[in-house]
>>> print(open('data-v8.cif').read())   # mmCIF, C-alpha atoms and all ligand atoms; chains and numbers go by the auth columns
data_my_file
loop_
_atom_site.group_PDB
_atom_site.id
_atom_site.type_symbol
_atom_site.label_atom_id
_atom_site.label_comp_id
_atom_site.label_asym_id
_atom_site.label_seq_id
_atom_site.Cartn_x
_atom_site.Cartn_y
_atom_site.Cartn_z
_atom_site.B_iso_or_equiv
_atom_site.auth_seq_id
_atom_site.auth_asym_id
ATOM 1 C CA MET A 1 69.528 64.269 10.967 0.00 1 A
ATOM 2 C CA ALA A 2 69.033 61.653 8.327 0.00 2 A
ATOM 3 C CA TYR A 3 70.046 62.236 4.722 0.00 3 A
ATOM 4 C CA LYS A 4 71.885 65.532 5.337 0.00 4 A
ATOM 5 C CA ASP A 5 73.996 64.919 2.288 0.00 5 A
ATOM 6 C CA PRO A 6 71.884 65.876 -0.743 0.00 6 A
ATOM 7 C CA ASN A 7 73.725 63.180 -2.694 0.00 7 A
ATOM 8 C CA ASP A 8 72.819 60.467 -0.213 0.00 8 A
ATOM 9 C CA PRO A 9 71.304 57.762 -2.437 0.00 9 A
ATOM 10 C CA ARG A 10 68.683 57.015 0.234 0.00 10 A
ATOM 11 C CA LYS A 11 67.441 60.578 -0.087 0.00 11 A
ATOM 12 C CA THR A 12 67.190 60.196 -3.859 0.00 12 A
ATOM 13 C CA ASP A 13 65.246 56.952 -3.393 0.00 13 A
ATOM 14 C CA VAL A 14 62.736 58.572 -1.030 0.00 14 A
ATOM 15 C CA LYS A 15 62.351 61.555 -3.340 0.00 15 A
ATOM 16 C CA ARG A 16 61.787 59.304 -6.329 0.00 16 A
ATOM 17 C CA LEU A 17 59.320 57.193 -4.378 0.00 17 A
ATOM 18 C CA LEU A 18 57.291 60.264 -3.444 0.00 18 A
ATOM 19 C CA THR A 19 57.458 61.702 -6.966 0.00 19 A
ATOM 20 C CA ASP A 20 56.300 58.365 -8.403 0.00 20 A
ATOM 21 C CA TYR A 21 53.585 58.192 -5.771 0.00 21 A
ATOM 22 C CA LYS A 22 52.251 61.669 -6.581 0.00 22 A
ATOM 23 C CA TYR A 23 52.253 60.841 -10.296 0.00 23 A
ATOM 24 C CA ALA A 24 50.497 57.509 -9.647 0.00 24 A
ATOM 25 C CA ASN A 25 47.673 59.463 -7.974 0.00 25 A
ATOM 26 C CA THR A 26 46.963 61.631 -10.986 0.00 26 A
ATOM 27 C CA GLU A 27 44.620 60.451 -13.718 0.00 27 A
ATOM 28 C CA ARG A 28 47.449 60.428 -16.240 0.00 28 A
ATOM 29 C CA GLY A 29 49.814 58.515 -13.970 0.00 29 A
ATOM 30 C CA PHE A 30 47.204 56.049 -12.784 0.00 30 A
ATOM 31 C CA VAL A 31 45.968 55.236 -16.285 0.00 31 A
ATOM 32 C CA ALA A 32 49.534 55.029 -17.652 0.00 32 A
ATOM 33 C CA LEU A 33 50.433 52.510 -14.936 0.00 33 A
ATOM 34 C CA ALA A 34 47.297 50.463 -15.582 0.00 34 A
ATOM 35 C CA ILE A 35 48.127 50.342 -19.293 0.00 35 A
ATOM 36 C CA SER A 36 51.811 49.575 -18.702 0.00 36 A
ATOM 37 C CA ARG A 37 50.971 46.617 -16.481 0.00 37 A
ATOM 38 C CA ARG A 38 49.249 44.949 -19.465 0.00 38 A
ATOM 39 C CA PHE A 39 52.620 44.926 -21.218 0.00 39 A
ATOM 40 C CA LEU A 40 54.792 43.621 -18.351 0.00 40 A
ATOM 41 C CA PRO A 41 55.705 39.956 -18.988 0.00 41 A
ATOM 42 C CA SER A 42 55.727 39.152 -15.244 0.00 42 A
ATOM 43 C CA VAL A 43 52.239 40.608 -14.739 0.00 43 A
ATOM 44 C CA VAL A 44 50.933 38.971 -17.905 0.00 44 A
ATOM 45 C CA ALA A 45 52.145 35.580 -16.608 0.00 45 A
ATOM 46 C CA SER A 46 50.550 36.105 -13.187 0.00 46 A
ATOM 47 C CA ARG A 47 47.232 37.035 -14.812 0.00 47 A
ATOM 48 C CA GLY A 48 46.936 33.770 -16.664 0.00 48 A
ATOM 49 C CA GLY A 49 48.766 34.963 -19.738 0.00 49 A
ATOM 50 C CA HIS A 50 46.356 37.570 -21.069 0.00 50 A
ATOM 51 C CA VAL A 51 48.799 39.030 -23.550 0.00 51 A
ATOM 52 C CA VAL A 52 47.734 42.230 -25.257 0.00 52 A
ATOM 53 C CA HIS A 53 46.753 41.533 -28.862 0.00 53 A
ATOM 54 C CA GLU A 54 49.519 42.357 -31.345 0.00 54 A
ATOM 55 C CA SER A 55 47.277 44.956 -33.015 0.00 55 A
ATOM 56 C CA ILE A 56 47.232 47.048 -29.812 0.00 56 A
ATOM 57 C CA ASP A 57 49.911 49.362 -28.442 0.00 57 A
ATOM 58 C CA LYS A 58 49.854 51.805 -25.519 0.00 58 A
ATOM 59 C CA LYS A 59 48.749 54.628 -27.825 0.00 59 A
ATOM 60 C CA GLU A 60 45.699 52.611 -28.856 0.00 60 A
ATOM 61 C CA PHE A 61 44.771 52.111 -25.169 0.00 61 A
ATOM 62 C CA TRP A 62 44.939 55.897 -24.717 0.00 62 A
ATOM 63 C CA ARG A 63 42.858 56.478 -27.855 0.00 63 A
ATOM 64 C CA LEU A 64 40.216 54.086 -26.537 0.00 64 A
ATOM 65 C CA TYR A 65 40.246 55.837 -23.161 0.00 65 A
ATOM 66 C CA MET A 66 39.742 59.233 -24.832 0.00 66 A
ATOM 67 C CA ASN A 67 36.811 57.711 -26.764 0.00 67 A
ATOM 68 C CA HIS A 68 35.428 56.350 -23.513 0.00 68 A
ATOM 69 C CA ILE A 69 35.484 59.842 -21.965 0.00 69 A
ATOM 70 C CA ILE A 70 33.668 61.258 -25.015 0.00 70 A
ATOM 71 C CA ILE A 71 31.004 58.516 -24.902 0.00 71 A
ATOM 72 C CA MET A 72 30.363 59.021 -21.184 0.00 72 A
ATOM 73 C CA LYS A 73 30.311 62.829 -21.510 0.00 73 A
ATOM 74 C CA GLU A 74 27.694 62.558 -24.244 0.00 74 A
ATOM 75 C CA LYS A 75 25.632 60.308 -22.007 0.00 75 A
ATOM 76 C CA PHE A 76 26.168 62.446 -18.895 0.00 76 A
ATOM 77 C CA PRO A 77 26.868 66.024 -20.073 0.00 77 A
ATOM 78 C CA GLU A 78 27.141 67.280 -16.484 0.00 78 A
ATOM 79 C CA SER A 79 30.054 64.912 -15.822 0.00 79 A
ATOM 80 C CA ASP A 80 33.697 65.003 -16.910 0.00 80 A
ATOM 81 C CA GLY A 81 33.249 61.606 -18.585 0.00 81 A
ATOM 82 C CA ARG A 82 35.464 59.829 -16.042 0.00 82 A
ATOM 83 C CA LEU A 83 32.722 57.313 -15.276 0.00 83 A
ATOM 84 C CA CYS A 84 32.572 53.528 -15.099 0.00 84 A
ATOM 85 C CA ARG A 85 31.093 52.150 -18.313 0.00 85 A
ATOM 86 C CA TYR A 86 29.025 49.603 -16.390 0.00 86 A
ATOM 87 C CA CYS A 87 27.695 51.277 -13.203 0.00 87 A
ATOM 88 C CA GLU A 88 28.268 54.819 -14.579 0.00 88 A
ATOM 89 C CA LYS A 89 29.695 56.096 -11.284 0.00 89 A
ATOM 90 C CA PRO A 90 32.797 58.349 -11.126 0.00 90 A
ATOM 91 C CA PHE A 91 36.261 56.785 -11.236 0.00 91 A
ATOM 92 C CA THR A 92 38.895 57.468 -8.640 0.00 92 A
ATOM 93 C CA PHE A 93 42.637 57.368 -9.286 0.00 93 A
ATOM 94 C CA VAL A 94 43.939 56.536 -5.836 0.00 94 A
ATOM 95 C CA THR A 95 46.977 54.410 -5.125 0.00 95 A
ATOM 96 C CA LYS A 96 48.437 53.361 -1.833 0.00 96 A
ATOM 97 C CA LEU A 97 52.133 53.734 -1.090 0.00 97 A
ATOM 98 C CA GLY A 98 54.099 50.597 -1.809 0.00 98 A
ATOM 99 C CA THR A 99 51.530 48.929 -4.069 0.00 99 A
ATOM 100 C CA ARG A 100 53.223 49.916 -7.335 0.00 100 A
ATOM 101 C CA GLY A 101 50.206 51.844 -8.477 0.00 101 A
ATOM 102 C CA THR A 102 47.653 49.094 -8.090 0.00 102 A
ATOM 103 C CA GLY A 103 45.814 50.885 -5.289 0.00 103 A
ATOM 104 C CA TYR A 104 45.325 47.842 -3.153 0.00 104 A
ATOM 105 C CA HIS A 105 47.175 45.481 -0.859 0.00 105 A
ATOM 106 C CA GLY A 106 45.577 42.253 -1.939 0.00 106 A
ATOM 107 C CA ARG A 107 41.920 41.298 -1.571 0.00 107 A
ATOM 108 C CA GLY A 108 39.669 43.166 0.790 0.00 108 A
ATOM 109 C CA THR A 109 41.221 46.621 0.895 0.00 109 A
ATOM 110 C CA GLN A 110 40.946 47.587 -2.745 0.00 110 A
ATOM 111 C CA ASN A 111 39.532 50.950 -3.683 0.00 111 A
ATOM 112 C CA TYR A 112 36.617 49.692 -5.735 0.00 112 A
ATOM 113 C CA ALA A 113 35.890 53.057 -7.326 0.00 113 A
ATOM 114 C CA ASN A 114 39.330 53.091 -8.944 0.00 114 A
ATOM 115 C CA PHE A 115 39.742 53.147 -12.694 0.00 115 A
ATOM 116 C CA SER A 116 40.385 49.727 -14.189 0.00 116 A
ATOM 117 C CA ILE A 117 40.599 48.058 -17.576 0.00 117 A
ATOM 118 C CA ASP A 118 38.271 45.158 -18.324 0.00 118 A
ATOM 119 C CA ARG A 119 38.146 42.609 -21.120 0.00 119 A
ATOM 120 C CA TRP A 120 34.437 42.563 -22.002 0.00 120 A
ATOM 121 C CA ASP A 121 34.637 38.907 -23.035 0.00 121 A
ATOM 122 C CA PRO A 122 37.231 37.359 -20.731 0.00 122 A
ATOM 123 C CA LYS A 123 37.827 34.547 -23.233 0.00 123 A
ATOM 124 C CA ILE A 124 39.320 37.105 -25.605 0.00 124 A
ATOM 125 C CA THR A 125 42.444 39.150 -24.933 0.00 125 A
ATOM 126 C CA TYR A 126 42.920 42.946 -24.920 0.00 126 A
ATOM 127 C CA GLN A 127 41.886 44.198 -28.341 0.00 127 A
ATOM 128 C CA THR A 128 40.058 47.241 -29.606 0.00 128 A
ATOM 129 C CA ASN A 129 36.473 45.958 -29.418 0.00 129 A
ATOM 130 C CA ASN A 130 37.036 44.071 -26.168 0.00 130 A
ATOM 131 C CA ILE A 131 38.555 46.767 -23.925 0.00 131 A
ATOM 132 C CA ILE A 132 36.142 48.412 -21.478 0.00 132 A
ATOM 133 C CA PHE A 133 37.075 51.028 -18.877 0.00 133 A
ATOM 134 C CA CYS A 134 35.204 50.409 -15.660 0.00 134 A
ATOM 135 C CA CYS A 135 35.547 50.708 -11.899 0.00 135 A
ATOM 136 C CA GLY A 136 37.429 48.102 -9.887 0.00 136 A
ATOM 137 C CA GLY A 137 34.208 46.942 -8.244 0.00 137 A
ATOM 138 C CA CYS A 138 32.440 46.139 -11.524 0.00 138 A
ATOM 139 C CA ASN A 139 35.593 44.503 -12.865 0.00 139 A
ATOM 140 C CA ASP A 140 35.950 42.415 -9.715 0.00 140 A
ATOM 141 C CA ARG A 141 32.319 41.282 -9.660 0.00 141 A
ATOM 142 C CA LYS A 142 32.382 40.429 -13.349 0.00 142 A
ATOM 143 C CA LYS A 143 35.661 38.495 -13.095 0.00 143 A
ATOM 144 C CA ASN A 144 35.766 35.534 -15.483 0.00 144 A
ATOM 145 C CA SER A 145 32.036 35.328 -16.144 0.00 145 A
ATOM 146 C CA THR A 146 31.296 35.160 -19.870 0.00 146 A
ATOM 147 C CA PRO A 147 28.584 36.674 -22.102 0.00 147 A
ATOM 148 C CA LYS A 148 26.944 33.209 -22.065 0.00 148 A
ATOM 149 C CA ASP A 149 26.864 33.344 -18.235 0.00 149 A
ATOM 150 C CA TRP A 150 25.104 36.740 -18.323 0.00 150 A
ATOM 151 C CA GLU A 151 22.512 35.349 -20.731 0.00 151 A
ATOM 152 C CA ASN A 152 21.921 32.486 -18.328 0.00 152 A
ATOM 153 C CA PHE A 153 21.607 34.796 -15.298 0.00 153 A
ATOM 154 C CA THR A 154 19.102 36.995 -17.146 0.00 154 A
ATOM 155 C CA ARG A 155 17.111 34.008 -18.455 0.00 155 A
ATOM 156 C CA VAL A 156 16.803 32.508 -14.971 0.00 156 A
ATOM 157 C CA GLY A 157 15.871 35.918 -13.557 0.00 157 A
ATOM 158 C CA LYS A 158 12.959 36.109 -16.018 0.00 158 A
ATOM 159 C CA GLU A 159 11.907 32.463 -15.497 0.00 159 A
ATOM 160 C CA ARG A 160 11.911 33.036 -11.751 0.00 160 A
ATOM 161 C CA ILE A 161 9.396 35.894 -12.046 0.00 161 A
ATOM 162 C CA LYS A 162 6.990 33.711 -14.094 0.00 162 A
ATOM 163 C CA LEU A 163 6.907 30.982 -11.408 0.00 163 A
HETATM 164 ZN ZN ZN B . 31.399 50.309 -11.976 0.00 201 B
#
>>> encode(input="data-v8.cif", output="structure tokens")
Amino acid sequence: MAYKDPNDPRKTDVKRLLTDYKYANTERGFVALAISRRFLPSVVASRGGHVVHESIDKKEFWRLYMNHIIIMKEKFPESDGRLCRYCEKPFTFVTKLGTRGTGYHGRGTQNYANFSIDRWDPKITYQTNNIIFCCGGCNDRKKNSTPKDWENFTRVGKERIKL
């Protein structure tokens, strides 16, 4: 039998992995990981250097998330407020083993209903009036498009109808 010795470090590793995994699949764990990633220098570098604004700490992210829940609950009293700000559909908090809490193994297999943190204007970093909690799908579709882009899309949509 493998890992008979309770002090076998491999056993501890597996236990820790499973404990971390369970935590990563709770709302608290999932959100905490999403927030923490914004503060990891390696992740910041890989995301094009979107450093969190100096006025923001992890507590402020949590405060904004609590506000988000209140806003969405007021809008949808039947819900628990865990809704995407954009499409207003429920969030999921589902990770896959071995993805360090990101919930996806690269493009194509992401859980698009998962909670994610968006910068409303992607030209601006994470700061209080620019942080929006939305689903992975909305975040992915929005990507680096800017408020000016959305104006353009809407304008053309209207012009198109008049033709
Ligand atoms: Zn959405």
>>> residues_around(input="data-v8.cif", residues="region 56-61 of chain A", least_positions_apart="6", cutoff="9 Å", atoms="only C-alpha atoms", output="ChimeraX atom specification")
/A:32,35-36,39,126-128,131
>>> residues_near_ligand(input="data-v8.cif", ligand="ligand ZN 201 (chain B)", cutoff="10 Å", atoms="only C-alpha atoms and all ligand atoms", output="number ranges by chain")
A: 83-91, 112-116, 133-141
>>> resolve_selection(input="data-v8.cif", expression="the PyMOL selection byres (((chain A and resi 50) around 12) and not hetatm)", output="list in words")
Arg37, Arg38, Phe39, Leu40, Pro41, Ser42, Val43, Val44, Ala45, Ser46, Arg47, Gly48, Gly49, Val51, Val52, His53, Glu54, Asp118, Arg119, Asp121, Pro122, Lys123, Ile124, Thr125, Tyr126 and Gln127 of chain A
>>> atom_distance(input="data-v8.cif", atom1="CA of Asn130 (chain A)", atom2="CA of Lys143 (chain A)")
14.3 Å
>>> resolve_selection(input="data-v8.cif", expression="the PyMOL selection byres (((chain A and resi 93) around 10) and not hetatm)", output="number ranges by chain")
A: 24-31, 91-92, 94-95, 101-103, 111, 113-116
>>> residues_around(input="data-v8.cif", residues="Met72 (chain A)", least_positions_apart="2", cutoff="9 Å", atoms="all atoms listed in the file", output="JSON, numbers by chain")
{"A": [67, 68, 69, 70, 74, 75, 76, 77, 79, 80, 81, 82, 83, 84, 85, 88]}
>>> write_last_selection(input="data-v8.cif", atoms="C-alpha atoms", output="PDB file, keeping the file's coordinate frame")
ATOM      1  CA  ASN A  67      36.811  57.711 -26.764  1.00  0.00           C
ATOM      2  CA  HIS A  68      35.428  56.350 -23.513  1.00  0.00           C
ATOM      3  CA  ILE A  69      35.484  59.842 -21.965  1.00  0.00           C
ATOM      4  CA  ILE A  70      33.668  61.258 -25.015  1.00  0.00           C
ATOM      5  CA  GLU A  74      27.694  62.558 -24.244  1.00  0.00           C
ATOM      6  CA  LYS A  75      25.632  60.308 -22.007  1.00  0.00           C
ATOM      7  CA  PHE A  76      26.168  62.446 -18.895  1.00  0.00           C
ATOM      8  CA  PRO A  77      26.868  66.024 -20.073  1.00  0.00           C
ATOM      9  CA  SER A  79      30.054  64.912 -15.822  1.00  0.00           C
ATOM     10  CA  ASP A  80      33.697  65.003 -16.910  1.00  0.00           C
ATOM     11  CA  GLY A  81      33.249  61.606 -18.585  1.00  0.00           C
ATOM     12  CA  ARG A  82      35.464  59.829 -16.042  1.00  0.00           C
ATOM     13  CA  LEU A  83      32.722  57.313 -15.276  1.00  0.00           C
ATOM     14  CA  CYS A  84      32.572  53.528 -15.099  1.00  0.00           C
ATOM     15  CA  ARG A  85      31.093  52.150 -18.313  1.00  0.00           C
ATOM     16  CA  GLU A  88      28.268  54.819 -14.579  1.00  0.00           C
TER      17      GLU A  88
END
>>> build_atoms(input="data-v8.cif", residues="region 74-85 of chain A", atoms="all heavy atoms", output="CSV table (one decimal), in the coordinates of the input")
chain,number,residue,atom,x,y,z
A,74,GLU,N,28.9,62.4,-23.4
A,74,GLU,CA,27.7,62.6,-24.2
A,74,GLU,C,26.5,62.0,-23.5
A,74,GLU,O,25.4,62.6,-23.5
A,74,GLU,CB,27.8,61.8,-25.6
A,74,GLU,CG,28.6,62.7,-26.6
A,74,GLU,CD,28.9,61.9,-27.9
A,74,GLU,OE1,28.5,60.7,-28.0
A,74,GLU,OE2,29.6,62.5,-28.8
A,75,LYS,N,26.7,60.9,-22.8
A,75,LYS,CA,25.6,60.3,-22.0
A,75,LYS,C,25.3,61.1,-20.8
A,75,LYS,O,24.1,61.2,-20.4
A,75,LYS,CB,26.1,58.9,-21.6
A,75,LYS,CG,24.9,57.9,-21.6
A,75,LYS,CD,25.4,56.5,-21.5
A,75,LYS,CE,24.2,55.6,-21.2
A,75,LYS,NZ,24.6,54.2,-20.8
A,76,PHE,N,26.3,61.7,-20.1
A,76,PHE,CA,26.2,62.4,-18.9
A,76,PHE,C,26.9,63.8,-19.1
A,76,PHE,O,28.0,64.0,-18.6
A,76,PHE,CB,26.7,61.7,-17.7
A,76,PHE,CG,26.1,60.4,-17.4
A,76,PHE,CD1,26.6,59.2,-18.0
A,76,PHE,CD2,24.9,60.3,-16.7
A,76,PHE,CE1,26.0,58.0,-17.7
A,76,PHE,CE2,24.3,59.1,-16.5
A,76,PHE,CZ,24.8,57.9,-17.0
A,77,PRO,N,26.2,64.7,-19.7
A,77,PRO,CA,26.9,66.0,-20.1
A,77,PRO,C,27.3,66.8,-18.8
A,77,PRO,O,28.2,67.6,-19.0
A,77,PRO,CB,25.8,66.8,-20.8
A,77,PRO,CG,24.8,65.8,-21.3
A,77,PRO,CD,24.8,64.7,-20.3
A,78,GLU,N,26.7,66.6,-17.7
A,78,GLU,CA,27.1,67.3,-16.5
A,78,GLU,C,28.4,66.7,-15.9
A,78,GLU,O,29.1,67.4,-15.1
A,78,GLU,CB,26.1,67.2,-15.4
A,78,GLU,CG,24.7,67.7,-15.8
A,78,GLU,CD,24.7,69.2,-16.2
A,78,GLU,OE1,25.2,70.0,-15.4
A,78,GLU,OE2,24.2,69.5,-17.3
A,79,SER,N,28.9,65.6,-16.4
A,79,SER,CA,30.1,64.9,-15.8
A,79,SER,C,31.3,65.3,-16.6
A,79,SER,O,31.2,65.9,-17.7
A,79,SER,CB,29.9,63.4,-15.8
A,79,SER,OG,30.1,62.9,-17.1
A,80,ASP,N,32.5,64.8,-16.1
A,80,ASP,CA,33.7,65.0,-16.9
A,80,ASP,C,34.0,63.7,-17.7
A,80,ASP,O,35.1,63.6,-18.3
A,80,ASP,CB,34.9,65.4,-16.0
A,80,ASP,CG,35.2,64.3,-15.0
A,80,ASP,OD1,34.5,63.2,-15.0
A,80,ASP,OD2,36.1,64.5,-14.1
A,81,GLY,N,33.1,62.8,-17.8
A,81,GLY,CA,33.2,61.6,-18.6
A,81,GLY,C,34.1,60.5,-17.9
A,81,GLY,O,34.3,59.5,-18.5
A,82,ARG,N,34.6,60.8,-16.8
A,82,ARG,CA,35.5,59.8,-16.0
A,82,ARG,C,34.5,59.0,-15.2
A,82,ARG,O,34.5,59.0,-14.0
A,82,ARG,CB,36.5,60.5,-15.1
A,82,ARG,CG,37.8,60.9,-15.9
A,82,ARG,CD,37.6,62.1,-16.7
A,82,ARG,NE,38.9,62.5,-17.3
A,82,ARG,CZ,39.0,63.5,-18.2
A,82,ARG,NH1,37.9,64.1,-18.7
A,82,ARG,NH2,40.2,63.9,-18.6
A,83,LEU,N,33.7,58.1,-15.9
A,83,LEU,CA,32.7,57.3,-15.3
A,83,LEU,C,32.9,55.9,-15.7
A,83,LEU,O,33.3,55.6,-16.8
A,83,LEU,CB,31.3,57.8,-15.7
A,83,LEU,CG,31.0,59.2,-15.5
A,83,LEU,CD1,29.6,59.5,-16.2
A,83,LEU,CD2,30.9,59.6,-14.1
A,84,CYS,N,32.5,55.0,-14.8
A,84,CYS,CA,32.6,53.5,-15.1
A,84,CYS,C,31.6,53.2,-16.2
A,84,CYS,O,30.4,53.7,-16.2
A,84,CYS,CB,32.2,52.7,-13.8
A,84,CYS,SG,31.9,51.0,-14.2
A,85,ARG,N,32.0,52.5,-17.2
A,85,ARG,CA,31.1,52.2,-18.3
A,85,ARG,C,29.9,51.3,-17.9
A,85,ARG,O,28.8,51.4,-18.4
A,85,ARG,CB,31.9,51.4,-19.4
A,85,ARG,CG,31.2,51.2,-20.7
A,85,ARG,CD,31.1,52.5,-21.4
A,85,ARG,NE,30.3,52.3,-22.6
A,85,ARG,CZ,30.7,51.9,-23.8
A,85,ARG,NH1,32.0,51.7,-24.0
A,85,ARG,NH2,29.9,51.8,-24.8
